[in-house]
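Text of my_file-v7.txt, listed as compact mmCIF, C-alpha atoms:
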```txt
# COMPACT_ATOMS: atom_id res chain seq x y z
CA GLU N 1 130.52 42.00 65.51
CA ALA N 2 130.83 45.15 63.39
CA CYS N 3 127.05 45.20 62.79
CA LYS N 4 126.42 44.76 66.51
CA SER N 5 128.72 47.72 67.32
CA VAL N 6 126.97 49.93 64.76
CA ALA N 7 123.55 49.00 66.22
CA ILE N 8 124.71 49.80 69.78
CA LEU N 9 126.19 53.13 68.61
CA ALA N 10 122.95 54.04 66.78
CA GLN N 11 120.91 53.14 69.86
CA ALA N 12 123.11 55.30 72.09
CA THR N 13 122.85 58.24 69.64
CA LEU N 14 119.04 57.99 69.55
CA ALA N 15 118.95 57.85 73.35
CA ARG N 16 121.08 61.05 73.54
CA ILE N 17 118.80 62.82 71.02
CA TYR N 18 115.68 61.82 72.99
CA LYS N 19 117.30 62.96 76.24
CA LEU N 20 118.06 66.35 74.66
CA LEU N 21 114.47 66.65 73.37
CA VAL N 22 112.98 66.19 76.83
CA SER N 23 115.67 67.89 78.88
CA ASP N 24 115.75 71.44 80.19
CA GLN N 25 118.97 71.94 78.17
CA GLN N 26 116.91 71.91 75.01
CA PRO N 27 117.20 75.27 73.21
CA GLN N 28 114.16 77.52 73.71
CA HIS N 29 113.31 77.65 69.98
CA LEU N 30 113.29 73.83 69.82
CA LYS N 31 111.06 73.66 72.90
CA MET N 32 108.60 76.05 71.27
CA LEU N 33 108.74 74.06 68.01
CA ASN N 34 107.82 70.85 69.86
CA ALA N 35 105.15 72.66 71.88
CA ARG N 36 103.58 73.97 68.63
CA LYS N 37 102.71 70.36 67.76
CA LYS N 38 100.19 70.49 70.63
CA ILE N 39 98.14 73.14 68.77
CA LEU N 40 95.80 72.34 65.89
CA LYS N 41 94.39 75.51 64.34
CA GLU N 42 91.87 75.61 61.49
CA LYS N 43 93.28 76.31 58.02
CA GLY N 44 96.76 76.88 59.43
CA ALA N 45 95.80 80.01 61.44
CA ALA N 46 98.56 81.35 63.69
CA PRO N 47 98.22 80.50 67.40
CA SER N 48 97.89 83.30 69.95
CA PRO N 49 100.59 83.87 72.61
CA LEU N 50 98.23 82.35 75.21
CA GLU N 51 97.68 79.24 73.06
CA GLU N 52 101.44 78.85 72.70
CA GLU N 53 101.78 79.17 76.48
CA VAL N 54 99.14 76.47 77.07
CA ALA N 55 100.76 74.21 74.44
CA LYS N 56 104.16 74.62 76.14
CA ALA N 57 102.61 73.77 79.52
CA LEU N 58 101.06 70.60 78.02
CA PHE N 59 104.37 69.64 76.40
CA ASP N 60 106.25 70.20 79.69
CA ILE N 61 103.80 67.90 81.53
CA GLU N 62 104.10 65.32 78.74
CA VAL N 63 107.91 65.12 78.95
CA SER N 64 108.18 65.44 82.73
CA PRO N 65 109.71 62.25 84.22
CA SER N 66 107.44 62.54 87.27
CA SER N 67 104.20 62.91 85.29
CA ASP N 68 101.76 59.99 85.56
CA ILE N 69 99.68 61.20 82.60
CA LYS N 70 102.46 61.65 80.03
CA ALA N 71 101.36 58.63 77.93
CA ASP N 72 97.74 59.88 77.86
CA LEU N 73 98.88 63.34 76.77
CA ARG N 74 100.79 62.14 73.73
CA ASP N 75 97.87 62.38 71.29
CA ILE N 76 96.15 65.35 72.93
CA VAL N 77 96.17 68.72 71.16
CA ILE N 78 94.28 71.99 71.70
CA CYS N 79 92.50 74.10 69.09
CA ASN N 80 91.80 77.26 71.09
CA ALA N 81 92.55 78.94 74.42
CA GLN N 82 91.20 82.19 75.85
CA ASP N 83 91.19 84.12 79.10
CA PHE N 84 87.86 85.28 80.46
CA GLU N 85 87.49 87.59 83.46
CA VAL N 86 85.09 86.33 86.16
CA LYS N 87 84.68 88.65 89.16
CA ASN N 88 88.06 88.50 90.93
CA ARG N 89 89.32 85.52 88.98
CA THR N 90 90.40 84.71 85.44
CA ALA N 91 88.99 81.61 83.76
CA LEU N 92 91.28 79.93 81.23
CA ILE N 93 88.97 78.23 78.71
CA ILE N 94 90.76 75.56 76.66
CA HIS N 95 89.03 74.01 73.63
CA PHE N 96 90.03 70.56 72.36
CA PRO N 97 89.23 69.00 68.97
CA PHE N 98 86.29 66.61 69.42
CA ARG N 99 88.33 63.63 68.13
CA VAL N 100 90.68 63.81 71.17
CA TRP N 101 87.96 64.60 73.75
CA LYS N 102 87.60 61.01 75.03
CA ASN N 103 91.35 60.97 75.77
CA VAL N 104 91.02 64.31 77.60
CA GLN N 105 88.12 63.02 79.72
CA LYS N 106 90.23 60.09 80.98
CA ILE N 107 92.66 62.52 82.66
CA GLN N 108 90.50 65.65 82.96
CA GLY N 109 90.77 66.08 86.73
CA ARG N 110 94.51 65.43 86.91
CA LEU N 111 95.31 67.59 83.87
CA ILE N 112 93.25 70.51 85.23
CA ARG N 113 95.19 70.26 88.52
CA GLU N 114 98.55 70.29 86.69
CA LEU N 115 97.58 73.27 84.52
CA GLU N 116 96.21 75.23 87.49
CA LYS N 117 99.65 74.85 89.12
CA LYS N 118 101.26 76.35 86.02
CA PHE N 119 98.59 79.06 85.56
CA SER N 120 98.19 80.01 89.21
CA LYS N 121 95.17 82.12 90.17
CA LYS N 122 93.28 80.92 87.07
CA HIS N 123 90.34 78.51 86.95
CA VAL N 124 91.03 76.09 84.08
CA ILE N 125 87.96 74.94 82.12
CA PHE N 126 88.00 72.29 79.36
CA VAL N 127 85.50 72.24 76.48
CA ALA N 128 85.26 70.00 73.40
CA ASN N 129 84.94 71.72 70.04
CA ARG N 130 81.55 70.79 68.59
CA THR N 131 79.76 71.92 65.43
CA ILE N 132 76.10 72.93 65.59
CA LEU N 133 74.04 72.10 62.50
CA ASP N 134 71.11 74.46 62.01
CA LYS N 135 67.79 73.57 60.37
CA ASN N 136 69.24 74.19 56.91
CA PHE N 137 71.49 71.09 57.22
CA ARG N 138 70.06 69.60 54.00
CA ARG N 139 71.76 72.36 52.02
CA LYS N 140 75.05 70.90 53.24
CA GLY N 141 74.19 67.56 51.61
CA LEU N 142 73.02 65.80 54.79
CA LYS N 143 69.82 63.74 54.79
CA ILE N 144 69.37 63.75 58.55
CA ARG N 145 70.73 65.92 61.33
CA PRO N 146 72.36 63.88 64.12
CA ARG N 147 70.81 64.77 67.50
CA SER N 148 74.31 65.37 68.89
CA ARG N 149 74.72 68.30 66.44
CA THR N 150 71.55 70.19 67.44
CA LEU N 151 71.83 73.43 69.42
CA THR N 152 70.13 71.89 72.49
CA SER N 153 72.38 68.83 72.51
CA VAL N 154 75.59 70.83 72.04
CA HIS N 155 74.64 73.20 74.88
CA GLU N 156 73.90 70.21 77.14
CA SER N 157 77.32 68.75 76.30
CA ILE N 158 79.05 72.09 76.98
CA LEU N 159 77.39 72.08 80.41
CA GLU N 160 78.88 68.65 81.16
CA ASP N 161 82.30 69.69 79.79
CA ILE N 162 82.51 72.82 81.96
CA VAL N 163 81.87 71.06 85.28
CA GLY N 164 83.98 67.97 84.42
CA PRO N 165 85.15 65.72 85.94
CA THR N 166 82.34 66.51 88.43
CA GLU N 167 79.08 64.88 87.35
CA ILE N 168 75.69 66.54 86.99
CA PHE N 169 73.12 65.05 89.37
CA GLY N 170 70.06 66.85 88.05
CA LYS N 171 68.67 69.96 86.31
CA ARG N 172 65.68 72.22 86.84
CA THR N 173 64.54 75.15 84.74
CA ARG N 174 62.96 78.12 86.49
CA ILE N 175 61.03 80.72 84.49
CA SER N 176 60.91 84.18 86.05
CA VAL N 177 58.01 86.66 85.76
CA ASP N 178 59.60 88.39 82.77
CA GLY N 179 59.93 85.04 80.95
CA THR N 180 63.68 84.63 81.52
CA LYS N 181 64.77 81.00 81.87
CA ILE N 182 67.35 80.13 84.53
CA MET N 183 68.65 76.59 84.88
CA LYS N 184 69.56 75.15 88.25
CA ILE N 185 72.31 72.58 87.87
CA TYR N 186 72.76 70.12 90.74
CA LEU N 187 76.27 68.69 91.02
CA ASP N 188 77.34 65.41 92.62
CA PRO N 189 77.71 66.09 96.39
CA LYS N 190 80.64 63.65 96.70
CA ASP N 191 82.77 66.16 94.72
CA LYS N 192 82.07 69.02 97.13
CA ASP N 193 85.57 68.98 98.65
CA LYS N 194 87.46 68.08 95.46
CA ASN N 195 89.63 70.47 93.42
CA ASP N 196 88.05 73.66 94.82
CA VAL N 197 84.84 72.80 92.93
CA GLU N 198 82.77 74.91 95.31
CA ALA N 199 84.98 77.94 94.64
CA LYS N 200 84.42 77.48 90.89
CA MET N 201 80.61 77.71 90.92
CA SER N 202 80.48 81.34 89.75
CA THR N 203 83.13 80.55 87.10
CA PHE N 204 80.99 77.69 85.74
CA SER N 205 77.99 80.07 85.45
CA ALA N 206 79.98 82.84 83.76
CA VAL N 207 81.70 80.51 81.27
CA TYR N 208 78.42 78.75 80.38
CA LYS N 209 76.78 82.15 79.79
CA LYS N 210 79.71 83.24 77.57
CA LEU N 211 79.63 80.06 75.47
CA THR N 212 75.86 79.61 75.13
CA ASN N 213 74.29 82.94 76.17
CA LYS N 214 72.17 80.99 78.69
CA GLU N 215 71.82 81.55 82.42
CA ALA N 216 72.69 78.69 84.80
CA VAL N 217 73.20 78.47 88.54
CA PHE N 218 75.33 75.65 89.96
CA ILE N 219 74.73 74.11 93.38
CA PHE N 220 75.48 70.80 95.07
CA ALA N 221 72.67 68.28 95.39
CA GLU N 222 71.78 67.19 98.92
CA ALA N 223 73.88 64.21 99.96
```

Rewrite the structure of this file - the entire thing - as structure tokens.
Amino acid sequence: EACKSVAILAQATLARIYKLLVSDQQPQHLKMLNARKKILKEKGAAPSPLEEEVAKALFDIEVSPSSDIKADLRDIVICNAQDFEVKNRTALIIHFPFRVWKNVQKIQGRLIRELEKKFSKKHVIFVANRTILDKNFRRKGLKIRPRSRTLTSVHESILEDIVGPTEIFGKRTRISVDGTKIMKIYLDPKDKDKNDVEAKMSTFSAVYKKLTNKEAVFIFAEA
């Protein structure tokens, strides 16, 4: 009986601790400490105020009783966040470590919607953190260079990340008289009315240019 009472008491104490961790009564410094776990910086670099803000937003969604993506968010962390001005709008570019990217893709649309509520007037863009291996890869002790690590492949993946969860229907490259290459990216027409995708076209172009230094124009394919 005594053992049973101790077990019940321990269970109740743990339940109270958990409730405090996820409640709004949690002290601000503890909230920030828990939110910090959502940031993974290289070599222990200090996160920026914006990264801390994004991490706190992710943590708040994760512990919200009404959230339907809380379980999916548990293992998701960010490695970088930056604001980028696009015409009359700010794009919030969030980078995720590549190892968690598949988890992010499962909830990409829903998570973008939740973050855009918290960062109103910003277009939220997700990108996986990928490493490009140049032609001197053998100096790094590698025998072959995986295709996924080439410049072309990484830039193609960034293109898919930026427009996600909308899918790319097709691509065309136009070469102007002065030799400048401009890509035309055709997006899935069924997503035309989803998540203000149409309003984000110029943001997609600007963010892709910033990340790859390449020009791209985004339009919907004919239905």

Would you work out the distance separating atom CA of N:Lys214 from atom CA of N:Lys192, expressed in Å to one decimal?
24.1 Å

Could you tell me how far atom CA of N:Ala35 sits from atom CA of N:Ile162, in Å to one decimal place?
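Pair atom CA of N:Ile162 / atom CA of N:Ala35 returns 24.8 Å.
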
Atom CA of N:Val207 and atom CA of N:Ile219, how far apart in Å?
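Atom-to-atom, atom CA of N:Ile219 and atom CA of N:Val207 are spaced 15.4 Å apart.
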
Using only C-alpha atoms, give me every residue within 7 Å of (92.2, 83.3, 73.7) in file coordinates, as a list of chain:residue names.
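Residues with an atom at most 7 Å from (92.2, 83.3, 73.7): N:Ser48, N:Leu50, N:Glu51, N:Asn80, N:Ala81, N:Gln82, N:Asp83.
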
Skipping near chain neighbours, those fewer than 3 positions away, what residues fall within 7 Å of stretch 112-129 of chain N using all atoms listed in the file, listed as a PyMOL selection string?
chain N and resi 89-98+101+108-109+158+161-162

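Shortest atom-to-atom contact with N:Val197 among N:Val163, N:Leu133, N:Ile78, N:Ala55: N:Val163, counting all atoms listed in the file.
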
Could you check which of N:Ala216, N:Cys79, N:Leu73, N:Val86 is closest to N:Lys184, using all atoms listed in the file?
N:Ala216

N:Val217 surroundings by all atoms listed in the file, 10 Å radius, close-in-sequence under 3 positions cut, as a PyMOL selection string:
chain N and resi 171-172+182-186+201-202+204-206+208

Shortest contact to N:Ile175, candidates N:Asp196, N:Glu215, N:His155, N:Thr150, atoms counted only C-alpha atoms, goes to N:Glu215

Distance criterion (only C-alpha atoms): nearest to N:Glu62 out of N:Ser157, N:Asn34, N:Thr166, N:Thr212:
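With only C-alpha atoms as the atom set, the closest residue is N:Asn34.
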
N:Asp68, N:Arg36, N:Glu85, N:Phe169: which is nearest N:Lys210, counting only C-alpha atoms?
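Between N:Asp68, N:Arg36, N:Glu85, N:Phe169, the residue approaching N:Lys210 most closely is N:Glu85.
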